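> Have a look at this one before I ask anything.
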Amino acid sequence: MCTHASAVVLPCCFYGETSRVFRVMPINSKREQGKDAAVQGTNDSSVVSKVSAAAQGYFHDDFLKHFVCKVSRRAPLINRGYYVRWKAVDHCMNQFFHATNSSSRRQILSLGAGFDSLFFRLDSEGALGGVTVFEVDFPEVARRKADLINSNACLKDTLPDWEAVSNQQTNAVFIRSGHYNLIGVDVRKEQMVEAALSGAGLQWDTPTLVLSEVVLTYMETQWSDAVIGWAARLLPQSMFVMYEQIHPDDPFGRVMQNHFLKLNSSIHALKQYPHTVAQTQRFIQKGWEKCVCLDMNQFYFDLLPEDERQRVEGLEPFDEFEEWHQKCSHYFILSASKGSVTNQALLMLPKSPSIPHVTPQWAEHPPLVIQPMCGSPCIEAVGMASAVLAPGNILLTGGCGRSGRDTVARVLIKEQGGWKCARVEAHGDRVVSLYQTLTSIPGGGVILFGGRTSPLNPTGSIVWVTFDLGDPLSAVQLSFKNMICTGTGPKPRWRHTSTLVCHNDKTFLFVFGGRTEKDPVLGDAHFLCLEDKHWTEITVAGVVPEARHSHSACPYGGGLVIFGGLGKGGRPLCDAFYLRPTSSGFCWETQNLHPPPVPRYSHSAHVINEKLVVVGGVWLQADGVPGVAVINLNTGSCVEIQLDTSSVPWPLMLHSFCSELLDSEGTEVVLIGGGGNCFSFGTHLNLHPVTVDLRPILCYLNESDHK
């Protein structure tokens with residue numbers, strides 16, 4: 001038996017109004033039956049992904065592989081996602097076991113268990129002392145699982161006392177044994193569900209752990225609410241653990257919802273309960289005494305030991321930080337308790353969490369409007385680099401689109417009717433990579449540095465790009481030529497910055513930060529003298545900024561200012577540093593920002609009239625997505641402004657993109673590319689460049705400065 005399809009985990013459906021008295025909602029149409037089948041199909045892909053994560057060493061489970069035909073390797077992002085899900089549920093289960101250790105009998109009731117191997121894993125670990133496992137699922141799924149168990153000697157030998165039982169009255173099909181009960185019943189028929197559980201030996205007053213991994217959300221919300229209330233009423237000594245989605249309305253959330261719609265298995269509860277606070281209130285209102293709900297970034301950073309995170313992060317090459325953090329911000333782990341014993345098992349954050357929730361200090365100013373670029377040239381890619389060749393001409397190199405890494409350069413060209421994109425075959429040394437940098441050189445030309453073809457293959461090449469715009473403008477000619485430089489240059493890297501600075505009447509390319517295949521973050525700095533083509537040692541005083549990648553660096557006052565990025569341990573940063581020119585070299589100066597902006601990375605930034613304008617990025621500590629932060633470089637004052645994306649007819653993801661100012665006054669900025677692999681929900685790339693008119697906020701801040 002082998003059918004593997006779709007995506008997440010199999011649900012079951014309880015509902016009811018009062019204990020022992022049930023309100024039965026009709027289940028009739030073929031459409032509803034089709035939805036049931038689609039939801040059941042999510043089980044198969046989920047177990048394949050769990051097997052992949054276990055096979056790569058993310059967690060130990062020798063039994064999952066018996067529930068698939070073959071082991072298929074998933075992408076590292078998928079493996080990490082299923083790891084953190086597995087780890088969170090396992091953490092809560094161990095907390096429950098510890099809190100109820102003195103009880104002679106305990107129970108686990110797993111709702112929508114699908115092909116989960118929990119019982120077999122716990123049995124092999126000797127962790128089932130006094131514990132009985134009850135699994136509930138659709139009858140067809142239960143039959144398939146029973147057949148798999150019966151046909152597999154390794155699984156069947158774990159259950160020497162098992163028997164198959166069919167209850168004609170309730171139409172329940174289940175396996176019954178001393179410590180394991182598999183119940184197949186249409187759980188929307190609640191009287192049958194309760195009768196089946198009682199018949200299988202579930203004791204309602206025994207300490208019980210209720211597990212629900214991406215289950216209740218597939219039901220209409222009134223049904224899932226009823227399940228939560230039903231469990232609270234019937235299980236007076238219990239703990240409910242739930243793993244589900246949140247934040248449906250931001251770009252990632254919209255892609256996530258569209259994915260499940262295409263599978264005919266809509267997710268419901270997150271519309272009424274869109275965040276962790278709402279989910280916590282939901283459980284309290286349905287009869288649970290205490291409840292703690294954390295998003296998965298909070299769980300990962302604050303409840304997993306650092307050595308465990310380092311172990312996991314070293315298992316596979318990885319470079320999907322934006323998608324990983326967004327995935328974690330769109331899922332939660334919740335624990336709710338009923339009774340004094342299980343109250344001790346709830347999730348608990350440390351007193352000083354490393355990912356505290358921050359409320360952005362939004363300016364009292366209307367959101368800045370984002371518009372598709374005039375002419376709507378199609379550019380779908382992430383990890384590109386950009387540079388202005390001349391007014392109305394923007395060079396784009398590198399990146400990865402729907403067909404893989406781009407092997408040709410592109411030039412955005414402004415014409416009378418709007419902008420268009422021309423693909424240009426470059427002459428000379430070809431450079432194909434992601435997260436490289438392009439830096440425009442005064443007098444003409446562009447310097448390309450770094451990038452990677454894979455997380456195991458960074459490049460350290462320096463390429464001089466020359467161009468001839470031609471007449472007409474669409475006849476652009478590009479030439480790429482490797483530069484031969486002397487001196488000790490930087491390691492090959494990507495996600496770094498390369499910025500022009502001046503010293504002793506010479507121009508230098510200043511390379512800072514980034515990462516390599518072995519170094520998660522870099523904090524070194526290097527100066528390339530463009531006149532001499534020599535990597536030069538220059539004195540830099542002051543406190544060196546923390547190592548980072550995916551930050552921004554902008555020319556400013558003969559030096560530069562850096563902001564944000566992803567620091568050590570994978571935590572976003574919110575600091576700013578000015579590399580100030582001195583008579584002997586340069587000096588790092590910390591910018592004191594007030595109020596502190598929300599930490600972020602994978603953004604873009606530009607200096608406009610003594611103000612650092614930061615656009616987009618990824619943050620972990622605030623709801624929604626970053627808009628525009630404006631930092632006054634003279635005073636350190638900072639304001640956040642939201643973006644109005646209603647004119648953009650697709651979910652606009654502002655990370656892994658590039659940007660350029662469209663005029664010398666800096667009144668308009670274009671954002672190009674961006675998006676990424678949205679966990680198992682598919683790849684989403686922004687369709688067209690978009691523009692932001694900065695004049696309203698710059699005028700507003702200028703007026704405020706003069707008051």
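Order determines the names: the first chain of the structure tokens is A, the second B, and so forth; residues in each chain are numbered 1 upward, and ligands are numbered 1 upward as they are shown.
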As a list in words, please: every residue in stretch 297-461 of chain A that a backbone DSSP assignment puts in alpha helix (DSSP H).

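Selection result, alpha helix (DSSP H) within stretch 297-461 of chain A: Asn297, Gln298, Phe299, Tyr300, Phe301, Asp302, Leu303, Glu306, Asp307, Glu308, Arg309, Gln310, Arg311, Val312, Glu313, Phe321, Glu322, Glu323, Trp324, His325, Gln326, Lys327, Cys328, Ser329, Ser340, Val341, Thr342 and Asn343 of chain A.
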
> Take the residues from that selection and put them in a file with N, CA, C and O atoms, as an mmCIF file, in the first residue's frame.


```
data_model
loop_
_atom_site.group_PDB
_atom_site.id
_atom_site.type_symbol
_atom_site.label_atom_id
_atom_site.label_comp_id
_atom_site.auth_asym_id
_atom_site.auth_seq_id
_atom_site.Cartn_x
_atom_site.Cartn_y
_atom_site.Cartn_z
ATOM 1 N N ASN A 297 9.331 30.549 16.436
ATOM 2 C CA ASN A 297 10.596 31.258 16.664
ATOM 3 C C ASN A 297 10.871 31.368 18.157
ATOM 4 O O ASN A 297 12.013 31.182 18.607
ATOM 5 N N GLN A 298 9.842 31.672 18.945
ATOM 6 C CA GLN A 298 10.015 31.741 20.396
ATOM 7 C C GLN A 298 10.433 30.386 20.949
ATOM 8 O O GLN A 298 11.339 30.287 21.789
ATOM 9 N N PHE A 299 9.775 29.333 20.486
ATOM 10 C CA PHE A 299 10.133 27.994 20.972
ATOM 11 C C PHE A 299 11.569 27.659 20.595
ATOM 12 O O PHE A 299 12.353 27.186 21.432
ATOM 13 N N TYR A 300 11.938 27.907 19.348
ATOM 14 C CA TYR A 300 13.250 27.500 18.862
ATOM 15 C C TYR A 300 14.369 28.234 19.588
ATOM 16 O O TYR A 300 15.359 27.625 20.009
ATOM 17 N N PHE A 301 14.225 29.542 19.742
ATOM 18 C CA PHE A 301 15.310 30.322 20.328
ATOM 19 C C PHE A 301 15.339 30.271 21.852
ATOM 20 O O PHE A 301 16.414 30.397 22.446
ATOM 21 N N ASP A 302 14.198 30.087 22.496
ATOM 22 C CA ASP A 302 14.170 30.216 23.953
ATOM 23 C C ASP A 302 13.945 28.910 24.707
ATOM 24 O O ASP A 302 14.210 28.855 25.913
ATOM 25 N N LEU A 303 13.476 27.867 24.058
ATOM 26 C CA LEU A 303 13.251 26.608 24.758
ATOM 27 C C LEU A 303 14.134 25.476 24.259
ATOM 28 O O LEU A 303 14.097 24.378 24.830
ATOM 29 N N GLU A 306 21.246 25.937 23.286
ATOM 30 C CA GLU A 306 22.089 26.429 22.198
ATOM 31 C C GLU A 306 22.837 25.297 21.506
ATOM 32 O O GLU A 306 22.969 25.294 20.275
ATOM 33 N N ASP A 307 23.315 24.307 22.279
ATOM 34 C CA ASP A 307 24.052 23.218 21.647
ATOM 35 C C ASP A 307 23.152 22.380 20.745
ATOM 36 O O ASP A 307 23.601 21.852 19.717
ATOM 37 N N GLU A 308 21.869 22.263 21.084
ATOM 38 C CA GLU A 308 20.940 21.537 20.225
ATOM 39 C C GLU A 308 20.681 22.318 18.935
ATOM 40 O O GLU A 308 20.631 21.740 17.845
ATOM 41 N N ARG A 309 20.533 23.637 19.040
ATOM 42 C CA ARG A 309 20.353 24.442 17.835
ATOM 43 C C ARG A 309 21.575 24.349 16.930
ATOM 44 O O ARG A 309 21.453 24.225 15.711
ATOM 45 N N GLN A 310 22.759 24.389 17.531
ATOM 46 C CA GLN A 310 23.979 24.285 16.733
ATOM 47 C C GLN A 310 24.070 22.923 16.053
ATOM 48 O O GLN A 310 24.502 22.827 14.894
ATOM 49 N N ARG A 311 23.661 21.874 16.748
ATOM 50 C CA ARG A 311 23.671 20.534 16.154
ATOM 51 C C ARG A 311 22.771 20.492 14.920
ATOM 52 O O ARG A 311 23.169 20.021 13.848
ATOM 53 N N VAL A 312 21.558 21.011 15.073
ATOM 54 C CA VAL A 312 20.588 20.978 13.982
ATOM 55 C C VAL A 312 21.057 21.839 12.811
ATOM 56 O O VAL A 312 20.963 21.433 11.644
ATOM 57 N N GLU A 313 21.597 23.002 13.110
ATOM 58 C CA GLU A 313 22.013 23.916 12.054
ATOM 59 C C GLU A 313 23.239 23.421 11.302
ATOM 60 O O GLU A 313 23.542 23.917 10.210
ATOM 61 N N PHE A 321 17.130 31.390 5.306
ATOM 62 C CA PHE A 321 16.820 31.969 6.612
ATOM 63 C C PHE A 321 15.495 32.715 6.608
ATOM 64 O O PHE A 321 14.714 32.603 7.563
ATOM 65 N N GLU A 322 15.240 33.481 5.566
ATOM 66 C CA GLU A 322 14.012 34.259 5.510
ATOM 67 C C GLU A 322 12.791 33.344 5.571
ATOM 68 O O GLU A 322 11.838 33.588 6.334
ATOM 69 N N GLU A 323 12.804 32.294 4.758
ATOM 70 C CA GLU A 323 11.666 31.390 4.706
ATOM 71 C C GLU A 323 11.534 30.589 6.005
ATOM 72 O O GLU A 323 10.422 30.296 6.459
ATOM 73 N N TRP A 324 12.665 30.230 6.601
ATOM 74 C CA TRP A 324 12.654 29.492 7.864
ATOM 75 C C TRP A 324 12.026 30.334 8.972
ATOM 76 O O TRP A 324 11.138 29.881 9.699
ATOM 77 N N HIS A 325 12.456 31.568 9.099
ATOM 78 C CA HIS A 325 11.911 32.417 10.158
ATOM 79 C C HIS A 325 10.444 32.757 9.911
ATOM 80 O O HIS A 325 9.656 32.841 10.858
ATOM 81 N N GLN A 326 10.079 32.943 8.651
ATOM 82 C CA GLN A 326 8.675 33.214 8.365
ATOM 83 C C GLN A 326 7.812 31.993 8.617
ATOM 84 O O GLN A 326 6.696 32.102 9.137
ATOM 85 N N LYS A 327 8.306 30.827 8.260
ATOM 86 C CA LYS A 327 7.557 29.600 8.568
ATOM 87 C C LYS A 327 7.327 29.503 10.061
ATOM 88 O O LYS A 327 6.210 29.211 10.527
ATOM 89 N N CYS A 328 8.367 29.739 10.847
ATOM 90 C CA CYS A 328 8.241 29.622 12.298
ATOM 91 C C CYS A 328 7.321 30.689 12.885
ATOM 92 O O CYS A 328 6.647 30.446 13.890
ATOM 93 N N SER A 329 7.262 31.858 12.271
ATOM 94 C CA SER A 329 6.376 32.897 12.782
ATOM 95 C C SER A 329 4.923 32.633 12.414
ATOM 96 O O SER A 329 4.021 33.264 12.966
ATOM 97 N N SER A 340 -4.806 20.599 38.693
ATOM 98 C CA SER A 340 -3.580 21.099 39.334
ATOM 99 C C SER A 340 -2.330 20.368 38.886
ATOM 100 O O SER A 340 -1.243 20.958 38.842
ATOM 101 N N VAL A 341 -2.434 19.082 38.543
ATOM 102 C CA VAL A 341 -1.247 18.310 38.179
ATOM 103 C C VAL A 341 -0.663 18.796 36.856
ATOM 104 O O VAL A 341 0.536 19.067 36.744
ATOM 105 N N THR A 342 -1.518 18.920 35.848
ATOM 106 C CA THR A 342 -1.010 19.280 34.525
ATOM 107 C C THR A 342 -0.640 20.758 34.412
ATOM 108 O O THR A 342 0.046 21.153 33.466
ATOM 109 N N ASN A 343 -1.090 21.608 35.344
ATOM 110 C CA ASN A 343 -0.670 23.011 35.318
ATOM 111 C C ASN A 343 0.847 23.140 35.338
ATOM 112 O O ASN A 343 1.419 24.096 34.808
#
```

> In Å, with one decimal, what is the gap from atom CA of A:Leu159 to atom CA of A:Tyr180?

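Atom CA of A:Tyr180 lies at a distance of 7.9 Å from atom CA of A:Leu159.
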
> Report as number ranges by chain: the residues of stretch 332-476 of chain A with a DSSP assignment of strand (DSSP E), based on the backbone of this structure.

A: 332-338, 368-372, 382-390, 393-401, 404-405, 409-415, 418-424, 427-428, 437-440, 446-449, 452-454, 457-458, 462-468

> Return the single residue from A:Ser433, A:Ser552, A:Gln361, A:Gln477 that is closest to A:Val382, with distances computed using only C-alpha atoms.

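Checking each of A:Ser433, A:Ser552, A:Gln361, A:Gln477 against A:Val382, counting only C-alpha atoms, the winner is A:Ser433.
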
> Please identify all polymer residues within 8 Å of stretch 205-208 of chain A, counting only C-alpha atoms, omitting same-chain residues fewer than 5 positions from it, and present them as a PDB file with N, CA and C atoms, in the first residue's frame.


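Contents of around.pdb, freshly written:
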```pdb
ATOM      1  N   THR A 100       3.239  14.297  35.668  1.00  0.00           N
ATOM      2  CA  THR A 100       2.311  13.226  36.088  1.00  0.00           C
ATOM      3  C   THR A 100       3.047  11.957  36.482  1.00  0.00           C
ATOM      4  N   SER A 103       1.530   9.516  38.975  1.00  0.00           N
ATOM      5  CA  SER A 103       0.244   8.873  38.663  1.00  0.00           C
ATOM      6  C   SER A 103       0.489   7.440  38.197  1.00  0.00           C
ATOM      7  N   ARG A 105      -1.507   5.653  36.339  1.00  0.00           N
ATOM      8  CA  ARG A 105      -1.978   5.477  34.961  1.00  0.00           C
ATOM      9  C   ARG A 105      -2.060   6.842  34.289  1.00  0.00           C
ATOM     10  N   ARG A 106      -1.607   6.885  33.050  1.00  0.00           N
ATOM     11  CA  ARG A 106      -1.690   8.102  32.241  1.00  0.00           C
ATOM     12  C   ARG A 106      -2.110   7.724  30.825  1.00  0.00           C
ATOM     13  N   GLN A 107      -2.625   8.702  30.100  1.00  0.00           N
ATOM     14  CA  GLN A 107      -3.134   8.431  28.765  1.00  0.00           C
ATOM     15  C   GLN A 107      -2.677   9.499  27.781  1.00  0.00           C
ATOM     16  N   ILE A 108      -2.498   9.091  26.534  1.00  0.00           N
ATOM     17  CA  ILE A 108      -2.284  10.021  25.428  1.00  0.00           C
ATOM     18  C   ILE A 108      -3.420   9.806  24.440  1.00  0.00           C
ATOM     19  N   LEU A 109      -4.128  10.873  24.137  1.00  0.00           N
ATOM     20  CA  LEU A 109      -5.197  10.837  23.141  1.00  0.00           C
ATOM     21  C   LEU A 109      -4.742  11.682  21.963  1.00  0.00           C
ATOM     22  N   LEU A 234     -14.771  16.882  29.626  1.00  0.00           N
ATOM     23  CA  LEU A 234     -14.742  15.446  29.911  1.00  0.00           C
ATOM     24  C   LEU A 234     -13.441  14.970  30.539  1.00  0.00           C
ATOM     25  N   LEU A 235     -12.385  15.775  30.468  1.00  0.00           N
ATOM     26  CA  LEU A 235     -11.078  15.348  30.970  1.00  0.00           C
ATOM     27  C   LEU A 235     -10.615  16.329  32.047  1.00  0.00           C
ATOM     28  N   PRO A 236     -10.987  16.104  33.297  1.00  0.00           N
ATOM     29  CA  PRO A 236     -10.707  17.078  34.364  1.00  0.00           C
ATOM     30  C   PRO A 236      -9.232  17.167  34.753  1.00  0.00           C
ATOM     31  N   GLN A 237      -8.432  16.161  34.404  1.00  0.00           N
ATOM     32  CA  GLN A 237      -6.987  16.205  34.664  1.00  0.00           C
ATOM     33  C   GLN A 237      -6.282  15.998  33.325  1.00  0.00           C
ATOM     34  N   SER A 238      -6.128  17.060  32.584  1.00  0.00           N
ATOM     35  CA  SER A 238      -5.624  16.878  31.221  1.00  0.00           C
ATOM     36  C   SER A 238      -4.780  18.065  30.774  1.00  0.00           C
ATOM     37  N   MET A 239      -4.059  17.830  29.681  1.00  0.00           N
ATOM     38  CA  MET A 239      -3.248  18.858  29.043  1.00  0.00           C
ATOM     39  C   MET A 239      -3.467  18.749  27.536  1.00  0.00           C
ATOM     40  N   THR A 342      -1.518  18.920  35.848  1.00  0.00           N
ATOM     41  CA  THR A 342      -1.010  19.280  34.525  1.00  0.00           C
ATOM     42  C   THR A 342      -0.640  20.758  34.412  1.00  0.00           C
TER      43      THR A 342
END
```

> Got a sec: who's within 6 Å of A:Lys533, counting only C-alpha atoms, leaving out chain neighbours fewer than 3 positions off, as a PDB file with all heavy atoms, in the first residue's frame?


```
ATOM      1  N   CYS A 485      43.853  41.178  -8.567  1.00  0.00           N
ATOM      2  CA  CYS A 485      44.174  42.091  -7.465  1.00  0.00           C
ATOM      3  C   CYS A 485      45.306  41.519  -6.627  1.00  0.00           C
ATOM      4  O   CYS A 485      45.409  40.294  -6.440  1.00  0.00           O
ATOM      5  CB  CYS A 485      42.938  42.317  -6.594  1.00  0.00           C
ATOM      6  SG  CYS A 485      41.540  43.013  -7.490  1.00  0.00           S
ATOM      7  N   CYS A 529      41.691  48.966  -2.932  1.00  0.00           N
ATOM      8  CA  CYS A 529      41.989  50.224  -3.606  1.00  0.00           C
ATOM      9  C   CYS A 529      41.734  50.035  -5.107  1.00  0.00           C
ATOM     10  O   CYS A 529      42.395  49.201  -5.754  1.00  0.00           O
ATOM     11  CB  CYS A 529      43.434  50.639  -3.363  1.00  0.00           C
ATOM     12  SG  CYS A 529      43.882  52.176  -4.215  1.00  0.00           S
ATOM     13  N   LEU A 530      40.770  50.766  -5.643  1.00  0.00           N
ATOM     14  CA  LEU A 530      40.396  50.566  -7.036  1.00  0.00           C
ATOM     15  C   LEU A 530      41.445  51.121  -7.994  1.00  0.00           C
ATOM     16  O   LEU A 530      41.621  50.600  -9.106  1.00  0.00           O
ATOM     17  CB  LEU A 530      39.037  51.214  -7.306  1.00  0.00           C
ATOM     18  CG  LEU A 530      37.863  50.608  -6.510  1.00  0.00           C
ATOM     19  CD1 LEU A 530      36.557  51.267  -6.908  1.00  0.00           C
ATOM     20  CD2 LEU A 530      37.778  49.100  -6.733  1.00  0.00           C
TER      21      LEU A 530
END
```

> For A:Lys271, list every protein, DNA or RNA residue within 9 Å, evaluated using only C-alpha atoms, and leave out those in the same chain fewer than 2 positions away; present the list as a list in words.

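The filter keeps Thr221, Ile246, His247, Pro248, Asp249, Ile267, His268, Ala269, Tyr273 and Pro274 of chain A.
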
> For stretch 572-691 of chain A versus stretch 74-77 of chain A, which residues have an atom no more than 10 Å away, and what is each residue's nearest atom pair and distance in Å rounded to one decimal, using only C-alpha atoms, chain-then-number order, as CSV?


```
residue,atom,partner,partner_atom,distance
A:Asn677,CA,A:Leu77,CA,8.7
A:Cys678,CA,A:Leu77,CA,9.2
A:Phe679,CA,A:Leu77,CA,6.4
A:Ser680,CA,A:Leu77,CA,8.5
```

> Which residues, written as a PyMOL selection string, have at least one atom at most 8 Å from stretch 631-643 of chain A, with only C-alpha atoms counted and residues fewer than 3 positions away on the same chain left out?

chain A and resi 360-363+365-370+591-597+610-613+626-628

> Write the residues you've just listed into a file as a short mmCIF file (atom, residue, chain, number, x, y, z; two decimals), in the first residue's frame, and include C-alpha atoms for each of them.


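Final output, out14.cif:
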```
data_model
loop_
_atom_site.label_atom_id
_atom_site.label_comp_id
_atom_site.auth_asym_id
_atom_site.auth_seq_id
_atom_site.Cartn_x
_atom_site.Cartn_y
_atom_site.Cartn_z
CA PRO A 360 6.69 48.90 16.20
CA GLN A 361 6.55 52.63 16.86
CA TRP A 362 4.42 53.45 13.83
CA ALA A 363 4.51 57.12 12.87
CA HIS A 365 1.45 59.28 9.17
CA PRO A 366 -0.55 57.56 6.41
CA PRO A 367 1.10 54.43 4.99
CA LEU A 368 3.37 54.91 2.01
CA VAL A 369 1.75 53.66 -1.17
CA ILE A 370 3.43 50.95 -3.23
CA GLN A 591 24.54 55.19 16.43
CA ASN A 592 22.19 55.52 19.39
CA LEU A 593 18.71 54.96 17.95
CA HIS A 594 15.56 56.03 19.76
CA PRO A 595 13.19 54.41 19.88
CA PRO A 596 15.06 51.29 18.77
CA PRO A 597 13.69 49.95 15.49
CA GLU A 610 21.02 62.74 6.34
CA LYS A 611 18.35 60.09 6.81
CA LEU A 612 18.79 56.32 6.52
CA VAL A 613 15.70 54.92 4.81
CA PRO A 626 8.37 45.53 8.05
CA GLY A 627 7.48 48.65 6.11
CA VAL A 628 9.87 51.61 6.00
#
```

> Hey, what's within 10 Å of A:Gly585 if we count only C-alpha atoms and toss same-chain stuff fewer than 4 positions away? As a PDB file with N, CA, C and O atoms, in the first residue's frame, please?


```pdb
ATOM      1  N   CYS A 502      36.174  56.633   0.772  1.00  0.00           N
ATOM      2  CA  CYS A 502      37.325  57.414   0.306  1.00  0.00           C
ATOM      3  C   CYS A 502      38.354  57.567   1.421  1.00  0.00           C
ATOM      4  O   CYS A 502      38.001  57.763   2.592  1.00  0.00           O
ATOM      5  N   HIS A 503      39.628  57.492   1.040  1.00  0.00           N
ATOM      6  CA  HIS A 503      40.713  57.689   2.006  1.00  0.00           C
ATOM      7  C   HIS A 503      41.946  58.172   1.255  1.00  0.00           C
ATOM      8  O   HIS A 503      42.371  57.553   0.268  1.00  0.00           O
ATOM      9  N   ASN A 504      42.524  59.285   1.724  1.00  0.00           N
ATOM     10  CA  ASN A 504      43.728  59.852   1.105  1.00  0.00           C
ATOM     11  C   ASN A 504      43.554  60.034  -0.403  1.00  0.00           C
ATOM     12  O   ASN A 504      44.428  59.652  -1.203  1.00  0.00           O
ATOM     13  N   GLU A 537      45.664  47.312   3.803  1.00  0.00           N
ATOM     14  CA  GLU A 537      45.434  47.402   5.238  1.00  0.00           C
ATOM     15  C   GLU A 537      45.243  48.869   5.624  1.00  0.00           C
ATOM     16  O   GLU A 537      46.108  49.702   5.349  1.00  0.00           O
ATOM     17  N   ILE A 538      44.126  49.190   6.236  1.00  0.00           N
ATOM     18  CA  ILE A 538      43.850  50.550   6.699  1.00  0.00           C
ATOM     19  C   ILE A 538      43.420  50.482   8.164  1.00  0.00           C
ATOM     20  O   ILE A 538      42.649  49.600   8.556  1.00  0.00           O
ATOM     21  N   THR A 539      43.919  51.404   8.952  1.00  0.00           N
ATOM     22  CA  THR A 539      43.590  51.416  10.379  1.00  0.00           C
ATOM     23  C   THR A 539      42.114  51.725  10.588  1.00  0.00           C
ATOM     24  O   THR A 539      41.584  52.697  10.038  1.00  0.00           O
ATOM     25  N   VAL A 540      41.460  50.873  11.365  1.00  0.00           N
ATOM     26  CA  VAL A 540      40.060  51.092  11.730  1.00  0.00           C
ATOM     27  C   VAL A 540      39.966  51.036  13.250  1.00  0.00           C
ATOM     28  O   VAL A 540      40.212  49.993  13.861  1.00  0.00           O
ATOM     29  N   ALA A 541      39.630  52.155  13.873  1.00  0.00           N
ATOM     30  CA  ALA A 541      39.501  52.220  15.326  1.00  0.00           C
ATOM     31  C   ALA A 541      38.044  52.007  15.726  1.00  0.00           C
ATOM     32  O   ALA A 541      37.151  51.839  14.890  1.00  0.00           O
ATOM     33  N   LEU A 579      30.877  54.225   9.931  1.00  0.00           N
ATOM     34  CA  LEU A 579      32.316  54.107   9.705  1.00  0.00           C
ATOM     35  C   LEU A 579      32.812  55.482   9.275  1.00  0.00           C
ATOM     36  O   LEU A 579      32.710  55.871   8.109  1.00  0.00           O
ATOM     37  N   ARG A 580      33.323  56.234  10.241  1.00  0.00           N
ATOM     38  CA  ARG A 580      33.678  57.639  10.029  1.00  0.00           C
ATOM     39  C   ARG A 580      35.129  57.771   9.571  1.00  0.00           C
ATOM     40  O   ARG A 580      36.029  57.169  10.158  1.00  0.00           O
ATOM     41  N   PRO A 581      35.364  58.564   8.514  1.00  0.00           N
ATOM     42  CA  PRO A 581      36.751  58.783   8.082  1.00  0.00           C
ATOM     43  C   PRO A 581      37.533  59.576   9.134  1.00  0.00           C
ATOM     44  O   PRO A 581      37.000  60.492   9.774  1.00  0.00           O
TER      45      PRO A 581
END
```

> Just to confirm, what's the straight-line distance from atom CA of A:Ser72 to atom CA of A:Val51 in Å (one decimal)?

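Atom CA of A:Val51 lies at a distance of 7.8 Å from atom CA of A:Ser72.
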
> Write out as JSON lines a residue-level contact list of stretch 418-451 of chain A versus stretch 486-494 of chain A with cut-off 7 Å: for each qualifying residue the closest pair of atoms and the distance in Å to one decimal, counting only C-alpha atoms, rows sorted by chain and residue number upward.


```
{"residue": "A:Tyr435", "atom": "CA", "partner": "A:Trp494", "partner_atom": "CA", "distance": 5.4}
{"residue": "A:Gln436", "atom": "CA", "partner": "A:Trp494", "partner_atom": "CA", "distance": 5.9}
{"residue": "A:Gly450", "atom": "CA", "partner": "A:Arg493", "partner_atom": "CA", "distance": 5.5}
{"residue": "A:Gly451", "atom": "CA", "partner": "A:Trp494", "partner_atom": "CA", "distance": 4.3}
```

> With a cut-off of 10 Å, could you pull out the residues of stretch 446-534 of chain A touching stretch 563-577 of chain A and give me the nearest pair of atoms for each, distance in Å to one decimal, using only C-alpha atoms, ordered by chain and ascending number, as CSV?


```
residue,atom,partner,partner_atom,distance
A:Arg495,CA,A:Gly565,CA,9.5
A:His496,CA,A:Gly565,CA,9.7
A:Gly513,CA,A:Gly565,CA,9.5
A:Gly514,CA,A:Leu566,CA,9.4
A:Pro520,CA,A:Lys568,CA,7.4
A:Val521,CA,A:Lys568,CA,6.4
A:Leu522,CA,A:Gly567,CA,8.9
A:Gly523,CA,A:Gly567,CA,9.5
```

> The selected residues should be written to file as a short mmCIF file (atom, residue, chain, number, x, y, z; two decimals), in the first residue's frame (atoms: N, CA and C atoms).


```cif
data_model
loop_
_atom_site.label_atom_id
_atom_site.label_comp_id
_atom_site.auth_asym_id
_atom_site.auth_seq_id
_atom_site.Cartn_x
_atom_site.Cartn_y
_atom_site.Cartn_z
N ARG A 495 26.00 37.19 0.89
CA ARG A 495 25.18 37.95 1.84
C ARG A 495 26.02 39.00 2.59
N HIS A 496 27.00 39.55 1.94
CA HIS A 496 27.87 40.59 2.48
C HIS A 496 27.44 41.94 1.91
N GLY A 513 31.31 41.78 6.41
CA GLY A 513 30.34 40.76 6.81
C GLY A 513 30.09 39.71 5.76
N GLY A 514 28.91 39.08 5.88
CA GLY A 514 28.55 37.98 5.01
C GLY A 514 28.71 36.65 5.71
N PRO A 520 29.11 30.81 9.88
CA PRO A 520 27.71 31.25 9.82
C PRO A 520 27.57 32.76 9.66
N VAL A 521 28.49 33.50 10.27
CA VAL A 521 28.51 34.96 10.11
C VAL A 521 29.96 35.42 10.08
N LEU A 522 30.20 36.54 9.41
CA LEU A 522 31.53 37.12 9.34
C LEU A 522 31.47 38.55 9.85
N GLY A 523 32.56 38.98 10.50
CA GLY A 523 32.64 40.35 10.99
C GLY A 523 33.91 41.05 10.53
#
```
